[in-house]
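Some notes on the structure that comes next.
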Amino acid sequence: MRLDRTILLSLVFVFIITPTLALDVGPICDCEEIRILSLKSPRMTGSDILELQKELKKLGFYKRELNSTYDWNTYLAVKKFQKANNLSITGVVRQNTWLNLAQSLNKGQEVANKKLEPPKGEVRLLIDAYKKQMIVYSDGEPYHKFPVAVGKPSTKSPIGEWAIIAKDAHWGGGFGVRWMRLNVPWGIYGIHGTNKPGSIGTAASHGCIRMFNRNVRVLYNWVDVGTRVKIIGRRDPIKITHTFRPGQTGKDVLLFQEKLRANGFDPGYTDGRFGDSTKKAMREFKYIYGLKDDLSGDENTFYILNIK
Amino acid sequence: MLDKLNIFDADTNWPLLIGMMALIILITAGLTFYLNLKGEEGFKINPQVQLVEDKEYQITYWDYPLFIGQEGDYEEFLQEAIGEFNDMYPNIKVNYELLSFINGEDKLQEKLEEGKPPDIYNDIFSKKLISKELQIPVDIFFAAESTKERDIFQEYNQLGIKALSYDEKIWGMPNWLAPQVWVGNRSLLSETNLDLTRIQEEGWTWDTFYQGAKQIKDLNRKSCIIFNPYNSKLFYQLLRMNGTQSLISKEGELLLTSQQLETTFDFLDDLRSHELFYDQPEEMNKKLLPYFWQNRAGIIAPVNIWLLNNLYQRDQKESDVELTLMPIPTNDPEEKRVPLKVSSLLLFRQEEYKGDDHTKAVYKFAKFMNQQKQLFVAKKLNVVPVYLSLAELWKEETDLSSKIKEEILTYINRGSYQELSGFQNMKYEAQIKQVIDQQYEAFWLEGEPITKVTDEIMTKAQEILNLNQNPEKED
């Protein structure tokens with residue numbers, strides 16, 4: 001009787017939790033879904049049009065200033081490109097045009113045919129936003145490199161030390177394939193494929209890490225939930241304006257963790273969370289400096305860490 | 001029935017029985033005498049023993065990551081030092097471990113209880129006497145190395161040597177000295193009637209301090225004195241400057257008196273009731289550094305060497321505030337000495353003794369770290385090496401401003417050490433200090449009356465000593 005009840009309760013629990021998990025790994029991302037671009041009134045604007053103009057400019061089809069607006073000049077450049085590549089000359093940019101742009105930029109040929117063996121050791125990822133490159137480490141040794149697209153200057157990729165917290169193999173739509181969500185506390189960021197492969201090697205995304213679809217399929221099988229992902233690169237200045245307490249999250253907490261580490265304390269991963277490891281570091285910090293009061297990152301702490 | 005219980009029947013061989021009993025008594029007495037004699041003689045090492053050339057010695061060294069908050073990695077320094085040592089002694093392998101500042105002492109205690117302490121422990125917290133059974137005095141090696149021409153003992157600042165002396169032995173190799181000071185804001189203090197030069201040369205009384213604190217408070221609405229109520233170190237400093245050199249005597253009696261406690265609490269209470277501190281004493285700790293660097297705090301305390309080094313680093317960058325080191329004020333106008341903190345290398349043996357040659361190998365490494373490597377550490381931590389030739393170099397090479405350097409050297413010259421009262425007493429002192437810590441916080445944060453906290457401390461301190469009825473009488 002008791003066993004039956006336990007099973008029943010477990011089933012109810014699974015029933016309740018499953019949709020929650022599904023929501024968690026769903027296709028919600030700060031990156032925009034791919035749009036069909038065309039000459040309209042009022043004019044279409046956006047970062048995808050900027051990306052389009054950049055690619056056309058690189059290929060010599062667009063010679064005006066980049067203005068993120070699908071205007072007459074952009075329309076003409078698209079048509080010229082379509083004509084040169086034997087595409088339907090519509091002046092409308094769909095997935096096919098994006099893929100051809102990537103091919104023309106020599107970004108269409110991925111390492112697809114080369115069968116890569118999965119790494120045998122513990123996998124860690126380093127994403128270098130300066131070089132637009134992902135290095136896969138196996139037991140601390142570089143194993144493979146993938147080109148990536150990172151966040152554009154106005155929506156930079158989150159710099160820090162993250163972990164993959166969800167994977168979705170059936171993710172898709174306009175985004176490309178596969179989705180690996182990172183545990184960034186201030187937004188939804190992840191690693192995913194793209195249907196705009198021309199953007200790979202550039203800073204074009206809304207902060208997510210884009211990969212060629214074929215590469216992301218390979219990577220997907222190499223990583224697990226929990227795999228560590230470090231992103232390095234430029235970031236916007238962060239101001240610390242308040243006292244930190246255990247449990248808080250944010251970019252300022254991440255900066256605080258970095259300062260603790262630079263001063264010889266170990267706050268665990270710099271993940272913007274004032275969790276157990278950061279508490280331990282603070283305990284040590286307050287003890288060493290003889291402050292001995294509480295674990296908060298307060299003004300005394302900021303002075304010692306040179307944040308003030 | 002009773003007959004059956006009678007073991008002494010007529011056939012008993014009385015002479016044999018008496019003989020056997022006498023033999024047992026003799027053997028027991030002999031053994032007791034031998035063991036007592038051995039105990040009295042204690043553990044002995046032949047300091048002249050030579051290292052065995054083709055034998056590999058594995059020694060363990062426990063230290064702390066001392067360069068925390070500073071440029072440079074202590075572990076790298078340590079690895080390089082060990083490498084250098086191995087150039088001279090390739091057969092002595094040093095296995096080091098860097099301890100957590102919070103848990104390091106507990107870990108050492110655990111290992112001591114298991115009889116497996118490290119060979120060398122860097123006693124940065126100045127505990128000095130840790131294990132009567134397993135700690136090795138170093139004077140036997142100093143004596144063995146001394147000659148008519150060269151007296152090793154005299155190569156050290158004698159304050160460091162005396163601070164580690166107990167029972168006619170020296171219980172560690174003194175590394176460095178640091179004066180216990182408070183930090184002053186030179187410009188704010190200069191606006192008062194205090195004669196800074198004189199205070200730094202001769203010390204100051206609690207009354208002078210009170211007058212100075214009052215003048216600082218009167219400078220403007222926001223100026224004040226900041227003490228951290230969560231750190232009882234300040235209370236022990238004041239107690240010491242009020243005549244409490246040790247809490248327990250060598251004979252195991254409580255030296256701490258109600259009067260000393262009351263007058264020390266009274267001093268703090270006077271400052272508090274005259275509102276010479278930050279407005280809300282329970283929040284005062286949070287203002288320690290902000291108020292200092294915002295030119296509002298005339299004096300901040302307590303400060304340890306890590307906080308002091310952080311202040312030095314910032315002092316070089318800040319143009320508005322200039323820090324100065326102030327002696328701790330005293331309740332005895334005749335007292336001009338400055339308490340010193342002494343850090344040292346403590347040597348231990350393991351319960352399963354590894355031999356005199358192993359101990360000699362341990363000594364060789366400790367001596368190398370102590371006599372050759374402490375200059376680098378002392379320059380980083382801005383403390384003064386006890387080994388005199390290093391201290392001379394420190395004076396020339398330290399990066400400190402000349403004013404601060406002079407202040408430190410003045411205080412070292414007037415330095416005083418706390419006389420050691422015995423291994424067991426150190427443990428009881430630690431227990432009594434826990435009681436004082438609690439009551440000190442209650443005084444600040446719960447507003448407990450002085451009589452209550454004093455009574456509580458005295459009662460519990462006496463209880464601690466009574467519980468351990470016969471505290472060590474090691475003389």
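By order in the structure tokens, chains are A, B, ...; within a chain, residues start at 1; ligands start at 1, following the order shown.
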Determine which residues of stretch 255-414 of chain B DSSP labels as alpha helix (DSSP H) from the backbone of this structure, then write them out as a ChimeraX atom specification. /B:258-273,288-293,305-315,356-368,374-381,388-397,402-413
Distance query B:Thr192 at most 8 Å, only C-alpha atoms, self and fewer than 4 positions along chain excluded, as number ranges by chain: B: 188, 212, 215-216
Please, what distance in Å, to one decimal, runs between atom CA of A:Tyr189 and atom CA of A:Ile164?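 According to the coordinates, atom CA of A:Tyr189 and atom CA of A:Ile164 are separated by 10.1 Å.
The chain B residues that come within 7 Å of chain A are Ile68, Gly69, Gln70, Phe101, Ile102, Tyr230, Asn231, Lys286, Leu288, Leu289, Pro290, Val303, Asn304, Trp306, Leu307 and Asn310 of chain B, with only C-alpha atoms taken into account.
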Selection above as a file: N, CA and C atoms, as a compact mmCIF listing (two decimals), in the first residue's frame:
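Below is the file that was written, part19.txt:
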```txt
# COMPACT_ATOMS: atom_id res chain seq x y z
N ILE B 68 49.00 36.92 0.59
CA ILE B 68 47.62 37.19 0.20
C ILE B 68 47.39 38.71 0.13
N GLY B 69 46.70 39.12 -0.92
CA GLY B 69 46.43 40.56 -1.09
C GLY B 69 47.61 41.33 -1.63
N GLN B 70 48.66 40.61 -2.02
CA GLN B 70 49.86 41.30 -2.53
C GLN B 70 50.25 40.73 -3.87
N PHE B 101 43.98 29.91 6.50
CA PHE B 101 44.22 30.76 7.67
C PHE B 101 43.23 30.42 8.79
N ILE B 102 42.02 30.07 8.41
CA ILE B 102 41.00 29.83 9.43
C ILE B 102 41.21 28.46 10.10
N TYR B 230 33.97 43.91 16.87
CA TYR B 230 33.93 42.47 16.62
C TYR B 230 35.30 41.82 16.79
N ASN B 231 36.32 42.63 16.94
CA ASN B 231 37.67 42.06 17.04
C ASN B 231 38.23 42.36 18.42
N LYS B 286 31.80 48.70 10.29
CA LYS B 286 31.60 48.92 8.85
C LYS B 286 32.24 50.21 8.38
N LEU B 288 35.24 51.33 9.46
CA LEU B 288 36.68 51.31 9.75
C LEU B 288 37.50 51.93 8.61
N LEU B 289 37.41 51.35 7.44
CA LEU B 289 38.22 51.84 6.32
C LEU B 289 37.59 53.03 5.59
N PRO B 290 36.26 53.00 5.34
CA PRO B 290 35.68 54.17 4.67
C PRO B 290 35.99 55.47 5.42
N VAL B 303 44.39 46.72 14.05
CA VAL B 303 44.85 46.38 12.69
C VAL B 303 45.90 45.29 12.79
N ASN B 304 45.77 44.29 11.97
CA ASN B 304 46.80 43.24 11.95
C ASN B 304 47.73 43.48 10.76
N TRP B 306 48.06 42.13 7.90
CA TRP B 306 47.49 42.09 6.55
C TRP B 306 46.70 43.36 6.26
N LEU B 307 45.96 43.79 7.25
CA LEU B 307 45.21 45.03 7.06
C LEU B 307 46.18 46.20 6.95
N ASN B 310 47.62 46.39 3.57
CA ASN B 310 46.65 46.94 2.62
C ASN B 310 46.61 48.47 2.77
```
Rank A:Lys107, A:Arg214, A:Lys167, A:Arg234 by their smallest atom-to-atom distance to A:Asp128, using only C-alpha atoms, and report the top residue only.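 The shortest atom-to-atom distance to A:Asp128 comes from A:Arg234.
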Between atom CA of B:Trp176 and atom CA of B:Lys341, what is the spacing in Å?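 Those two atoms sit 8.2 Å apart.
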Which residues are near B:Asp332? Cut-off 12 Å, only C-alpha atoms, ignore same chain within fewer than 6 positions. Put them as a count of residues only. 16
Can you tell me, as a compact mmCIF listing (two decimals) with C-alpha atoms, in the first residue's frame, what residues are no more than 10 Å from stretch 274-282 of chain B when counting only C-alpha atoms, ignoring any on the same chain fewer than 6 positions away?
```txt
# COMPACT_ATOMS: atom_id res chain seq x y z
CA TYR B 210 40.98 60.40 25.62
CA GLY B 212 43.09 63.56 21.75
CA ALA B 213 39.95 61.61 20.83
CA LYS B 214 37.82 64.44 22.23
CA GLN B 215 39.66 66.98 20.11
CA ILE B 216 39.27 64.84 17.03
CA LYS B 217 35.53 64.65 17.70
CA ASP B 218 35.41 68.44 18.04
CA LYS B 222 31.83 63.66 11.26
CA SER B 223 35.30 63.11 12.69
CA CYS B 224 35.69 60.36 15.30
CA ILE B 225 37.58 57.29 16.47
CA ILE B 226 36.77 53.88 14.99
CA PHE B 227 37.29 50.64 16.90
CA ASN B 228 36.04 47.35 15.53
CA PRO B 229 33.84 45.87 18.28
CA TYR B 230 33.93 42.47 16.62
CA LEU B 268 36.23 52.07 26.44
CA LEU B 288 36.68 51.31 9.75
CA TYR B 291 36.02 56.68 7.49
CA ARG B 296 36.99 61.26 9.10
CA ALA B 297 38.63 58.77 11.46
CA ILE B 299 42.48 56.55 14.80
CA GLU B 441 31.00 41.56 22.19
CA TRP B 444 29.70 46.52 22.78
CA LEU B 445 26.69 45.08 21.06
CA GLU B 446 24.27 44.18 23.83
CA GLY B 447 25.15 47.01 26.16
```
Selection: 7 Å around B:Trp171, only C-alpha atoms, excl. self and same-chain fewer than 4 positions, as a ChimeraX atom specification: /B:128-129,136-138,164-165,346
Pull C-alpha atoms from the residues just selected and write them as a PDB file, in the first residue's frame.
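Written out: selection22.pdb:
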```pdb
ATOM      1  CA  LYS B 128      54.703  29.524  20.389  1.00  0.00           C
ATOM      2  CA  LEU B 129      54.073  26.657  22.822  1.00  0.00           C
ATOM      3  CA  ILE B 136      61.440  20.293  19.658  1.00  0.00           C
ATOM      4  CA  PRO B 137      63.442  23.113  21.249  1.00  0.00           C
ATOM      5  CA  VAL B 138      65.953  24.647  18.866  1.00  0.00           C
ATOM      6  CA  LEU B 164      60.204  31.923  22.550  1.00  0.00           C
ATOM      7  CA  SER B 165      62.032  31.012  25.736  1.00  0.00           C
ATOM      8  CA  LEU B 346      58.197  25.505  15.252  1.00  0.00           C
TER       9      LEU B 346
END
```
Write out as JSON, numbers by chain all residues of stretch 84-215 of chain B that backbone DSSP assigns to strand (DSSP E or B). {"B": [92, 93, 94, 95, 96, 97, 98, 120, 121, 122, 123, 135, 136, 156, 165, 166, 169, 170, 173, 174, 175, 176, 177, 178, 179, 181, 182, 183, 184, 185, 205]}
Can you pull out the residues contacting stretch 34-45 of chain A? Cut-off 10 Å, using only C-alpha atoms, and skip same-chain residues under 3 positions away; I want them as an NGL selection string. :A and (31 or 48-50 or 52 or 67-76 or 78 or 90-95 or 98 or 173-176 or 194-196)
Those residues with C-alpha atoms, as a CSV table (one decimal), in the first residue's frame please?
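And here is the file that came out, result36.csv:
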```csv
chain,number,residue,atom,x,y,z
A,31,CYS,CA,19.2,36.0,-29.9
A,48,ASP,CA,20.4,41.4,-38.6
A,49,ILE,CA,20.3,44.0,-41.4
A,50,LEU,CA,23.6,45.4,-40.1
A,52,LEU,CA,23.7,41.6,-43.9
A,67,ASN,CA,23.1,51.9,-41.2
A,68,SER,CA,21.2,48.8,-40.0
A,69,THR,CA,18.2,49.8,-42.3
A,70,TYR,CA,16.9,47.8,-45.2
A,71,ASP,CA,16.9,50.7,-47.5
A,72,TRP,CA,17.0,51.1,-51.3
A,73,ASN,CA,20.8,50.7,-51.4
A,74,THR,CA,20.7,47.5,-49.3
A,75,TYR,CA,17.9,46.2,-51.6
A,76,LEU,CA,20.0,46.8,-54.7
A,78,VAL,CA,21.0,42.1,-52.2
A,90,THR,CA,13.9,39.0,-55.4
A,91,GLY,CA,15.7,41.4,-53.2
A,92,VAL,CA,14.2,39.4,-50.3
A,93,VAL,CA,16.6,37.8,-47.9
A,94,ARG,CA,15.6,34.3,-46.7
A,95,GLN,CA,17.6,31.5,-45.3
A,98,TRP,CA,22.1,33.8,-45.8
A,173,GLY,CA,13.5,27.1,-36.0
A,174,GLY,CA,15.3,30.1,-37.3
A,175,PHE,CA,18.1,29.7,-34.8
A,176,GLY,CA,19.9,26.7,-36.2
A,194,THR,CA,22.8,29.2,-36.7
A,195,ASN,CA,21.2,29.6,-40.1
A,196,LYS,CA,23.3,32.7,-40.6
```
List the neighbours of B:Val453 out to 12 Å using only C-alpha atoms; skip same-chain residues closer than 2 positions along the sequence, and give me the result as a VMD selection string. chain B and resid 258 261 to 262 264 to 266 435 to 444 446 to 451 455 to 461
How about saving the chosen residues, N, CA and C atoms kept, as an mmCIF file, in the first residue's frame?
```
data_model
loop_
_atom_site.group_PDB
_atom_site.id
_atom_site.type_symbol
_atom_site.label_atom_id
_atom_site.label_comp_id
_atom_site.auth_asym_id
_atom_site.auth_seq_id
_atom_site.Cartn_x
_atom_site.Cartn_y
_atom_site.Cartn_z
ATOM 1 N N SER B 258 39.782 41.427 38.450
ATOM 2 C CA SER B 258 38.542 42.170 38.169
ATOM 3 C C SER B 258 38.866 43.636 37.919
ATOM 4 N N LEU B 261 40.176 44.245 34.475
ATOM 5 C CA LEU B 261 39.078 44.157 33.504
ATOM 6 C C LEU B 261 38.195 45.398 33.572
ATOM 7 N N GLU B 262 37.832 45.754 34.779
ATOM 8 C CA GLU B 262 36.907 46.885 34.942
ATOM 9 C C GLU B 262 37.499 48.184 34.419
ATOM 10 N N THR B 264 39.752 48.553 32.192
ATOM 11 C CA THR B 264 39.885 48.510 30.735
ATOM 12 C C THR B 264 38.530 48.751 30.073
ATOM 13 N N PHE B 265 37.501 48.083 30.620
ATOM 14 C CA PHE B 265 36.155 48.324 30.077
ATOM 15 C C PHE B 265 35.739 49.782 30.323
ATOM 16 N N ASP B 266 36.101 50.301 31.500
ATOM 17 C CA ASP B 266 35.754 51.699 31.818
ATOM 18 C C ASP B 266 36.335 52.671 30.794
ATOM 19 N N VAL B 435 35.956 33.152 26.486
ATOM 20 C CA VAL B 435 34.990 33.788 27.391
ATOM 21 C C VAL B 435 35.084 35.307 27.248
ATOM 22 N N ILE B 436 36.313 35.800 27.236
ATOM 23 C CA ILE B 436 36.495 37.260 27.135
ATOM 24 C C ILE B 436 35.909 37.764 25.809
ATOM 25 N N ASP B 437 36.165 37.023 24.748
ATOM 26 C CA ASP B 437 35.647 37.435 23.417
ATOM 27 C C ASP B 437 34.130 37.613 23.469
ATOM 28 N N GLN B 438 33.449 36.622 24.070
ATOM 29 C CA GLN B 438 31.975 36.690 24.140
ATOM 30 C C GLN B 438 31.520 37.909 24.936
ATOM 31 N N GLN B 439 32.172 38.117 26.067
ATOM 32 C CA GLN B 439 31.758 39.223 26.935
ATOM 33 C C GLN B 439 32.115 40.579 26.325
ATOM 34 N N TYR B 440 33.197 40.593 25.585
ATOM 35 C CA TYR B 440 33.608 41.839 24.919
ATOM 36 C C TYR B 440 32.540 42.250 23.890
ATOM 37 N N GLU B 441 32.062 41.276 23.160
ATOM 38 C CA GLU B 441 30.999 41.560 22.189
ATOM 39 C C GLU B 441 29.716 41.973 22.897
ATOM 40 N N ALA B 442 29.438 41.293 24.030
ATOM 41 C CA ALA B 442 28.222 41.632 24.793
ATOM 42 C C ALA B 442 28.301 43.073 25.298
ATOM 43 N N PHE B 443 29.497 43.469 25.707
ATOM 44 C CA PHE B 443 29.698 44.843 26.183
ATOM 45 C C PHE B 443 29.390 45.847 25.069
ATOM 46 N N TRP B 444 29.888 45.565 23.882
ATOM 47 C CA TRP B 444 29.704 46.515 22.778
ATOM 48 C C TRP B 444 28.311 46.451 22.181
ATOM 49 N N GLU B 446 25.505 44.379 23.070
ATOM 50 C CA GLU B 446 24.268 44.182 23.829
ATOM 51 C C GLU B 446 24.168 45.164 25.000
ATOM 52 N N GLY B 447 25.174 45.999 25.104
ATOM 53 C CA GLY B 447 25.147 47.015 26.163
ATOM 54 C C GLY B 447 25.187 46.438 27.566
ATOM 55 N N GLU B 448 25.800 45.260 27.713
ATOM 56 C CA GLU B 448 25.879 44.638 29.054
ATOM 57 C C GLU B 448 26.724 45.525 29.985
ATOM 58 N N PRO B 449 26.280 45.669 31.249
ATOM 59 C CA PRO B 449 27.048 46.518 32.172
ATOM 60 C C PRO B 449 28.425 45.923 32.485
ATOM 61 N N ILE B 450 29.347 46.811 32.800
ATOM 62 C CA ILE B 450 30.745 46.392 33.016
ATOM 63 C C ILE B 450 30.852 45.385 34.166
ATOM 64 N N THR B 451 30.117 45.641 35.238
ATOM 65 C CA THR B 451 30.226 44.722 36.388
ATOM 66 C C THR B 451 29.799 43.309 35.974
ATOM 67 N N ASP B 455 32.314 40.189 36.016
ATOM 68 C CA ASP B 455 32.023 39.042 36.895
ATOM 69 C C ASP B 455 31.972 37.747 36.089
ATOM 70 N N GLU B 456 31.313 37.841 34.951
ATOM 71 C CA GLU B 456 31.172 36.657 34.091
ATOM 72 C C GLU B 456 32.553 36.125 33.695
ATOM 73 N N ILE B 457 33.408 37.037 33.278
ATOM 74 C CA ILE B 457 34.761 36.617 32.840
ATOM 75 C C ILE B 457 35.519 35.988 34.014
ATOM 76 N N MET B 458 35.494 36.672 35.151
ATOM 77 C CA MET B 458 36.266 36.177 36.303
ATOM 78 C C MET B 458 35.754 34.814 36.772
ATOM 79 N N THR B 459 34.430 34.688 36.831
ATOM 80 C CA THR B 459 33.858 33.421 37.304
ATOM 81 C C THR B 459 34.235 32.287 36.361
ATOM 82 N N LYS B 460 34.026 32.531 35.082
ATOM 83 C CA LYS B 460 34.280 31.445 34.127
ATOM 84 C C LYS B 460 35.766 31.140 34.003
ATOM 85 N N ALA B 461 36.595 32.164 34.093
ATOM 86 C CA ALA B 461 38.051 31.940 34.007
ATOM 87 C C ALA B 461 38.499 31.062 35.170
#
```
